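Novice: My structure is stored as run-v8.txt, with compact mmCIF, C-alpha atoms.
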# COMPACT_ATOMS: atom_id res chain seq x y z
CA MET A 1 31.40 -51.48 -3.30
CA LYS A 2 32.85 -48.96 -5.77
CA PRO A 3 33.84 -45.52 -4.33
CA PHE A 4 31.20 -43.67 -6.41
CA LYS A 5 28.39 -45.98 -5.27
CA LEU A 6 29.70 -45.84 -1.71
CA THR A 7 29.58 -42.03 -1.77
CA LEU A 8 26.00 -42.06 -3.02
CA PHE A 9 25.08 -44.54 -0.31
CA LEU A 10 26.62 -42.35 2.41
CA ILE A 11 24.87 -39.23 1.10
CA ALA A 12 21.53 -41.02 1.01
CA THR A 13 22.11 -42.27 4.55
CA LEU A 14 22.97 -38.77 5.79
CA VAL A 15 19.92 -37.25 4.09
CA PHE A 16 17.70 -39.94 5.56
CA SER A 17 19.24 -39.38 9.00
CA CYS A 18 18.73 -35.60 8.78
CA SER A 19 15.15 -36.19 7.74
CA GLU A 20 14.62 -38.44 10.70
CA ASP A 21 16.16 -35.82 13.05
CA ASN A 22 13.98 -33.03 11.60
CA ASN A 23 10.86 -35.11 12.15
CA ASP A 24 11.83 -35.53 15.79
CA THR A 25 12.39 -31.79 16.31
CA PRO A 26 9.30 -29.92 17.55
CA GLN A 27 8.20 -27.33 15.00
CA SER A 28 7.29 -23.79 15.99
CA THR A 29 3.55 -23.26 16.13
CA SER A 30 3.56 -19.61 17.19
CA PRO A 31 0.74 -17.88 15.28
CA ASN A 32 1.27 -14.76 13.20
CA LEU A 33 -0.69 -11.67 12.26
CA ILE A 34 -0.65 -11.51 8.47
CA ILE A 35 -1.48 -8.25 6.70
CA LYS A 36 -2.63 -8.53 3.08
CA LEU A 37 -3.53 -5.86 0.53
CA LYS A 38 -6.51 -5.72 -1.79
CA PHE A 39 -7.53 -3.12 -4.38
CA ASP A 40 -11.26 -2.97 -5.09
CA PRO A 41 -12.74 -0.87 -7.95
CA THR A 42 -16.29 -1.55 -6.69
CA GLN A 43 -15.78 -0.33 -3.12
CA ALA A 44 -17.38 2.98 -2.13
CA ARG A 45 -15.64 6.13 -3.38
CA LEU A 46 -15.01 8.32 -0.33
CA GLY A 47 -13.81 11.86 0.21
CA ASN A 48 -11.48 13.22 2.90
CA LEU A 49 -14.23 13.05 5.54
CA GLY A 50 -14.94 9.39 4.83
CA GLN A 51 -18.29 10.05 3.15
CA PRO A 52 -19.30 8.86 -0.35
CA VAL A 53 -18.56 11.51 -2.97
CA SER A 54 -19.20 11.79 -6.70
CA ILE A 55 -16.91 13.16 -9.39
CA PRO A 56 -17.20 16.98 -9.47
CA PRO A 57 -18.62 18.65 -12.60
CA GLY A 58 -15.88 19.40 -15.10
CA ASN A 59 -13.77 16.48 -13.95
CA ALA A 60 -13.54 12.85 -15.03
CA ALA A 61 -11.98 9.79 -13.40
CA GLN A 62 -11.07 6.17 -13.95
CA SER A 63 -10.25 3.15 -11.77
CA PRO A 64 -6.59 2.27 -12.32
CA THR A 65 -5.13 -1.22 -12.18
CA ILE A 66 -2.86 -1.14 -9.13
CA ASN A 67 0.22 -3.31 -9.57
CA ARG A 68 1.83 -2.73 -6.21
CA MET A 69 1.67 -0.51 -3.16
CA SER A 70 3.75 0.38 -0.14
CA ALA A 71 2.79 1.65 3.30
CA ASN A 72 4.97 3.25 5.96
CA TYR A 73 2.81 2.90 9.07
CA ILE A 74 0.03 0.64 10.35
CA GLU A 75 -1.83 1.18 13.61
CA LEU A 76 -4.76 -0.59 15.27
CA ALA A 77 -7.05 1.81 17.14
CA PRO A 78 -9.39 0.66 19.95
CA SER A 79 -11.95 3.42 19.43
CA ALA A 80 -12.94 6.45 17.38
CA PHE A 81 -11.35 8.67 20.04
CA THR A 82 -7.93 7.03 19.95
CA ALA A 83 -5.50 9.75 18.89
CA LEU A 84 -3.07 9.00 16.07
CA GLY A 85 0.00 7.27 17.48
CA THR A 86 -1.62 6.18 20.76
CA GLY A 87 -3.10 2.92 19.45
CA GLU A 88 -1.28 -0.35 18.79
CA VAL A 89 1.39 0.52 16.22
CA ILE A 90 2.32 -2.72 14.45
CA PHE A 91 4.51 -1.38 11.66
CA VAL A 92 6.75 1.61 10.96
CA GLY A 93 8.81 1.68 7.79
CA ASN A 94 12.40 2.87 7.52
CA GLU A 95 12.98 6.63 7.44
CA THR A 96 16.06 8.72 6.72
CA THR A 97 17.41 12.29 6.86
CA VAL A 98 19.92 11.80 4.05
CA GLY A 99 17.87 14.16 1.86
CA GLY A 100 17.48 16.80 4.58
CA ASP A 101 14.16 16.62 6.43
CA GLU A 102 12.98 13.26 7.77
CA ALA A 103 11.50 11.20 4.96
CA ILE A 104 10.39 7.71 4.02
CA ASP A 105 13.36 5.72 2.72
CA PHE A 106 11.98 4.50 -0.60
CA GLN A 107 14.96 2.27 -1.34
CA SER A 108 14.15 0.06 1.67
CA ALA A 109 10.34 0.15 1.30
CA ILE A 110 8.21 -3.01 1.37
CA PHE A 111 5.82 -3.58 -1.56
CA ALA A 112 2.88 -5.89 -2.20
CA GLY A 113 0.39 -6.40 -5.01
CA ASN A 114 -3.29 -7.26 -5.05
CA GLU A 115 -4.13 -10.15 -2.67
CA ASP A 116 -0.45 -10.33 -1.67
CA THR A 117 1.01 -10.42 1.85
CA PHE A 118 2.52 -7.10 2.91
CA LEU A 119 3.52 -7.91 6.48
CA THR A 120 3.85 -10.90 8.79
CA ILE A 121 4.53 -10.43 12.51
CA PRO A 122 4.14 -12.72 15.54
CA LEU A 123 0.80 -12.29 17.25
CA SER A 124 2.72 -12.25 20.52
CA ASP A 125 4.04 -8.83 19.43
CA VAL A 126 0.50 -7.41 19.31
CA SER A 127 -1.07 -6.31 22.60
CA PRO A 128 -4.28 -8.20 23.41
CA GLY A 129 -7.32 -5.98 23.07
CA SER A 130 -10.34 -4.96 21.06
CA TYR A 131 -9.72 -2.84 17.98
CA GLU A 132 -12.41 -1.08 15.97
CA TRP A 133 -10.27 0.85 13.48
CA VAL A 134 -7.06 0.60 11.50
CA ARG A 135 -4.88 3.43 10.24
CA VAL A 136 -2.50 3.01 7.32
CA SER A 137 -0.06 5.66 6.18
CA LEU A 138 0.34 5.04 2.47
CA ALA A 139 3.69 5.70 0.85
CA TYR A 140 3.57 4.66 -2.79
CA GLN A 141 1.24 3.20 -5.38
CA GLU A 142 1.95 2.09 -8.91
CA GLY A 143 -0.66 1.18 -11.49
CA ASP A 144 -1.81 1.32 -15.08
CA ILE A 145 -4.10 3.99 -16.48
CA ASP A 146 -5.61 4.61 -19.92
CA PHE A 147 -5.04 7.82 -21.86
CA LEU A 148 -5.88 9.28 -25.25
CA LEU A 149 -3.32 10.63 -27.71
CA ASN A 150 -4.20 11.85 -31.20
CA GLY A 151 -7.46 9.92 -31.07
CA VAL A 152 -5.77 6.63 -30.13
CA GLU A 153 -6.13 5.00 -26.70
CA TYR A 154 -2.98 3.80 -24.92
CA SER A 155 -2.09 2.40 -21.51
CA GLY A 156 0.66 3.82 -19.32
CA THR A 157 2.02 3.27 -15.81
CA LEU A 158 1.72 5.90 -13.10
CA ALA A 159 3.91 5.92 -10.00
CA SER A 160 2.42 8.01 -7.18
CA PHE A 161 4.47 8.95 -4.12
CA VAL A 162 1.69 9.70 -1.64
CA GLY A 163 3.68 9.58 1.61
CA TYR A 164 4.31 12.74 3.63
CA ASN A 165 7.89 13.03 2.32
CA THR A 166 10.01 10.46 0.48
CA TYR A 167 13.76 10.20 -0.06
CA ILE A 168 14.39 8.65 -3.47
CA THR A 169 17.70 7.88 -5.12
CA SER A 170 16.20 6.34 -8.25
CA PHE A 171 13.43 3.95 -9.18
CA ASP A 172 12.48 1.68 -12.05
CA LEU A 173 9.24 2.16 -13.96
CA ASN A 174 8.70 -0.52 -16.60
CA ASN A 175 12.48 -0.92 -17.06
CA GLU A 176 12.94 2.85 -17.36
CA THR A 177 15.18 4.32 -14.65
CA ILE A 178 14.16 7.66 -13.14
CA ASP A 179 16.84 9.42 -11.08
CA VAL A 180 15.81 11.74 -8.27
CA ASN A 181 18.49 11.78 -5.53
CA GLY A 182 16.51 13.86 -3.10
CA ASN A 183 13.39 14.30 -1.00
CA ARG A 184 9.98 14.64 -2.64
CA LEU A 185 6.82 15.75 -0.86
CA GLN A 186 3.42 14.05 -1.16
CA GLY A 187 2.15 14.24 -4.72
CA PHE A 188 5.37 13.52 -6.60
CA TRP A 189 4.57 11.33 -9.61
CA ALA A 190 6.17 9.69 -12.62
CA PHE A 191 4.59 8.32 -15.77
CA GLU A 192 5.80 5.82 -18.37
CA ALA A 193 4.22 4.90 -21.71
CA GLU A 194 5.79 3.37 -24.80
CA GLY A 195 9.29 4.04 -23.42
CA PHE A 196 8.56 7.72 -22.76
CA THR A 197 8.79 8.99 -19.16
CA SER A 198 7.77 12.19 -17.44
CA HIS A 199 7.45 13.30 -13.83
CA GLY A 200 6.05 16.17 -11.82
CA GLN A 201 4.66 17.37 -8.52
CA ALA A 202 0.97 17.68 -7.63
CA PRO A 203 0.03 20.69 -5.46
CA PRO A 204 -0.32 20.30 -1.66
CA GLY A 205 -3.65 18.82 -0.58
CA ALA A 206 -4.40 17.31 -3.98
CA THR A 207 -4.31 13.73 -2.68
CA THR A 208 -7.55 12.48 -1.11
CA VAL A 209 -6.99 10.81 2.28
CA PRO A 210 -10.29 9.39 3.65
CA ASN A 211 -10.65 9.68 7.42
CA PRO A 212 -14.14 8.97 8.81
CA LEU A 213 -12.76 10.04 12.24
CA PHE A 214 -11.97 13.55 11.07
CA ASP A 215 -13.83 15.14 14.02
CA SER A 216 -12.77 12.81 16.83
CA SER A 217 -9.31 11.75 15.67
CA PRO A 218 -7.80 13.96 12.94
CA VAL A 219 -4.55 13.25 11.09
CA PRO A 220 -1.96 15.80 9.91
CA GLN A 221 -2.36 17.25 6.42
CA GLY A 222 -0.07 15.53 3.95
CA SER A 223 0.38 12.41 6.09
CA CYS A 224 -1.74 10.15 3.86
CA VAL A 225 -3.04 8.23 6.89
CA VAL A 226 -6.13 6.44 5.58
CA THR A 227 -8.55 5.24 8.29
CA GLY A 228 -10.94 2.29 8.04
CA GLU A 229 -13.41 0.55 10.37
CA PHE A 230 -13.64 -3.19 11.00
CA GLU A 231 -17.11 -4.53 10.29
CA ASN A 232 -16.90 -6.37 13.59
CA THR A 233 -14.54 -5.46 16.42
CA PHE A 234 -11.15 -7.09 15.85
CA GLU A 235 -10.22 -9.08 18.94
CA ILE A 236 -6.74 -10.20 19.96
CA THR A 237 -6.95 -12.41 23.05
CA GLY A 238 -3.32 -13.46 23.35
CA ASN A 239 -4.44 -17.11 23.30
CA GLU A 240 -4.59 -17.57 19.52
CA THR A 241 -3.23 -20.87 18.23
CA SER A 242 -3.41 -20.17 14.49
CA ASP A 243 -2.56 -17.31 12.16
CA VAL A 244 -4.89 -14.33 11.91
CA VAL A 245 -5.20 -12.57 8.55
CA VAL A 246 -6.25 -8.94 8.15
CA THR A 247 -6.91 -7.88 4.58
CA LEU A 248 -6.68 -4.15 3.97
CA SER A 249 -9.16 -3.54 1.17
CA PHE A 250 -8.55 -0.17 -0.50
CA SER A 251 -11.04 1.52 -2.80
CA ILE A 252 -9.66 2.39 -6.24
CA ASN A 253 -13.13 3.37 -7.44
CA ASN A 254 -12.42 6.23 -9.89
CA SER A 255 -9.39 7.14 -7.78
CA PHE A 256 -7.46 8.69 -10.71
CA GLU A 257 -9.15 12.01 -11.43
CA TRP A 258 -8.43 14.85 -13.86
CA THR A 259 -9.92 18.08 -15.20
CA GLU A 260 -11.68 17.70 -18.54
CA VAL A 261 -10.85 19.82 -21.58
CA ASN A 262 -12.60 17.54 -24.02
CA ALA A 263 -15.70 16.25 -22.21
CA ASP A 264 -15.38 12.63 -23.32
CA GLY A 265 -14.41 10.87 -20.08
CA LYS A 266 -10.98 10.00 -21.45
CA TYR A 267 -7.72 11.26 -19.99
CA GLU A 268 -6.00 13.34 -22.66
CA PRO A 269 -2.85 15.03 -21.28
CA SER A 270 -1.87 16.36 -24.73
CA ALA A 271 -5.06 18.47 -24.65
CA GLY A 272 -4.03 20.06 -21.37
CA GLU A 273 -6.08 17.88 -19.05
CA GLN A 274 -4.52 18.04 -15.58
CA VAL A 275 -4.44 15.35 -12.89
CA VAL A 276 -6.13 16.61 -9.73
CA ASP A 277 -6.17 13.48 -7.55
CA MET A 278 -4.50 10.10 -7.38
CA GLY A 279 -5.24 9.04 -3.79
CA LEU A 280 -7.01 5.89 -2.69
CA ARG A 281 -10.72 6.28 -1.93
CA GLY A 282 -11.33 4.35 1.25
CA LEU A 283 -10.24 1.45 3.43
CA ILE A 284 -12.13 -1.55 4.81
CA PRO A 285 -10.11 -3.92 7.05
CA ILE A 286 -11.35 -7.52 7.00
CA ALA A 287 -10.18 -9.98 9.66
CA SER A 288 -10.25 -13.77 9.22
CA ASN A 289 -8.65 -16.82 10.81
Can I see the file as structure tokens?

Specialist:
Amino acid sequence: MKPFKLTLFLIATLVFSCSEDNNDTPQSTSPNLIIKLKFDPTQARLGNLGQPVSIPPGNAAQSPTINRMSANYIELAPSAFTALGTGEVIFVGNETTVGGDEAIDFQSAIFAGNEDTFLTIPLSDVSPGSYEWVRVSLAYQEGDIDFLLNGVEYSGTLASFVGYNTYITSFDLNNETIDVNGNRLQGFWAFEAEGFTSHGQAPPGATTVPNPLFDSSPVPQGSCVVTGEFENTFEITGNETSDVVVTLSFSINNSFEWTEVNADGKYEPSAGEQVVDMGLRGLIPIASN
């Protein structure tokens, strides 16, 4: 047999042997808890107290197209009286003091888009129990919005830093680099359209953070901890044999809101129309096997 053919024969034999060995090796069957994200423009539009709210007179709003989002904290809460931080904390993102005060480390953040997986952890890492609520501290959202300029409608991309405090070196927005190199409090934003970029800071308290448990289990102002209730109690027995998926469905129903100068329902920043809110408008966690 020629050397070249012999080499191919040996490689094929080794590959076949490895395949045989892999088939004989028991595969891990440990189930996972999978957290997915969903952005729903038809879901109820809630206010800070978790009740349906309409758009105030003099304002207008639109439902953006969310491209990706990041969270910094996820907690399962057994009841409406479970204080923040005392439930089952299943995720905490990286934080840093490089910029001074403690802040979310944006450069190491995890992102996911609509219907995408944000987090996968072994179910064995989650304490067995019954959970009625979930809390999610949002950190960042990025999506497309429509705006009017000189009578012509355009689309641009808005980056919203909604976490309590975020350390940012720089970030990319539609291939445009925006340098920050510092901490930014909740409400920092950047906008890109047609190669033009701008950025600014929304005032404190301008971001809606729905919490239906406002009376029994409040969250700190500026934390952006959105709270949602499972339709049916979410049970972890510790005896699961297959993956469990929890989809965090966020309301983007008219979540981008501004003050109207020209009462036409179109966002027109050149006319002096100011953004007043860019927070998500509710959370419904949905569990499935």

Novice: Which residues come within 12 Å of Pro56 of chain A, counting all atoms listed in the file, excluding same-chain residues fewer than 4 positions away, as a PyMOL selection string?

Specialist: chain A and resi 47+60-61+254+257-260+276-277

Novice: Which residues, written as a list in words, have at least one atom at most 6 Å from Asn165 of chain A, with only C-alpha atoms counted and residues fewer than 2 positions away on the same chain left out?

Specialist: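 With the cut-off at 6 Å, the set is Ala103, Gly163, Arg184, Leu185 and Gln186 of chain A.
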
Novice: Can you work out the spacing between atom CA of Thr86 of chain A and atom CA of Leu213 of chain A in Å, to one decimal?

Specialist: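 Spanning atom CA of Thr86 of chain A to atom CA of Leu213 of chain A is a straight-line distance of 14.5 Å.
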
Novice: Pick the closest to Thr157 of chain A from A:Ser170, A:Thr197, A:Gln51, A:Asn72: which is it, counting all atoms listed in the file?

Specialist: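 Looking only at the distances to Thr157 of chain A, the closest residue turns out to be A:Thr197.
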
Novice: Determine, counting only C-alpha atoms, which protein, DNA and RNA residues have an atom within 12 Å of an atom of Asn174 of chain A; residues of the same chain fewer than 3 positions away are not included. Present the result as a list in words.

Specialist: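 After dropping sequence-adjacent residues, the list is Asn67, Glu142, Gly143, Asp144, Gly156, Thr157, Leu158, Ala159, Phe171, Thr177, Ile178, Ala190, Phe191, Glu192, Ala193, Glu194, Gly195, Phe196 and Thr197 of chain A.
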
Novice: Counting only C-alpha atoms, which of A:Gln221, A:Thr97, A:Thr166, A:Ser124 gets nearest to Ala71 of chain A?

Specialist: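 Ranked by minimum distance to Ala71 of chain A, first place goes to A:Thr166.
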
Novice: Here is a test: counting all atoms listed in the file, which residue of A:Glu268, A:Glu115, A:Glu95, A:Glu235 is nearest to Pro128 of chain A?

Specialist: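 Counting all atoms listed in the file, the residue closest to Pro128 of chain A is A:Glu235.
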
Novice: Just the number, please: distance in Å from atom CA of Val226 of chain A to atom CA of Val136 of chain A, one decimal.

Specialist: 5.3 Å

Novice: For the atom pair atom CA of Arg281 of chain A and atom CA of Leu46 of chain A, what is the interatomic distance in Å to one decimal place?

Specialist: 5.0 Å
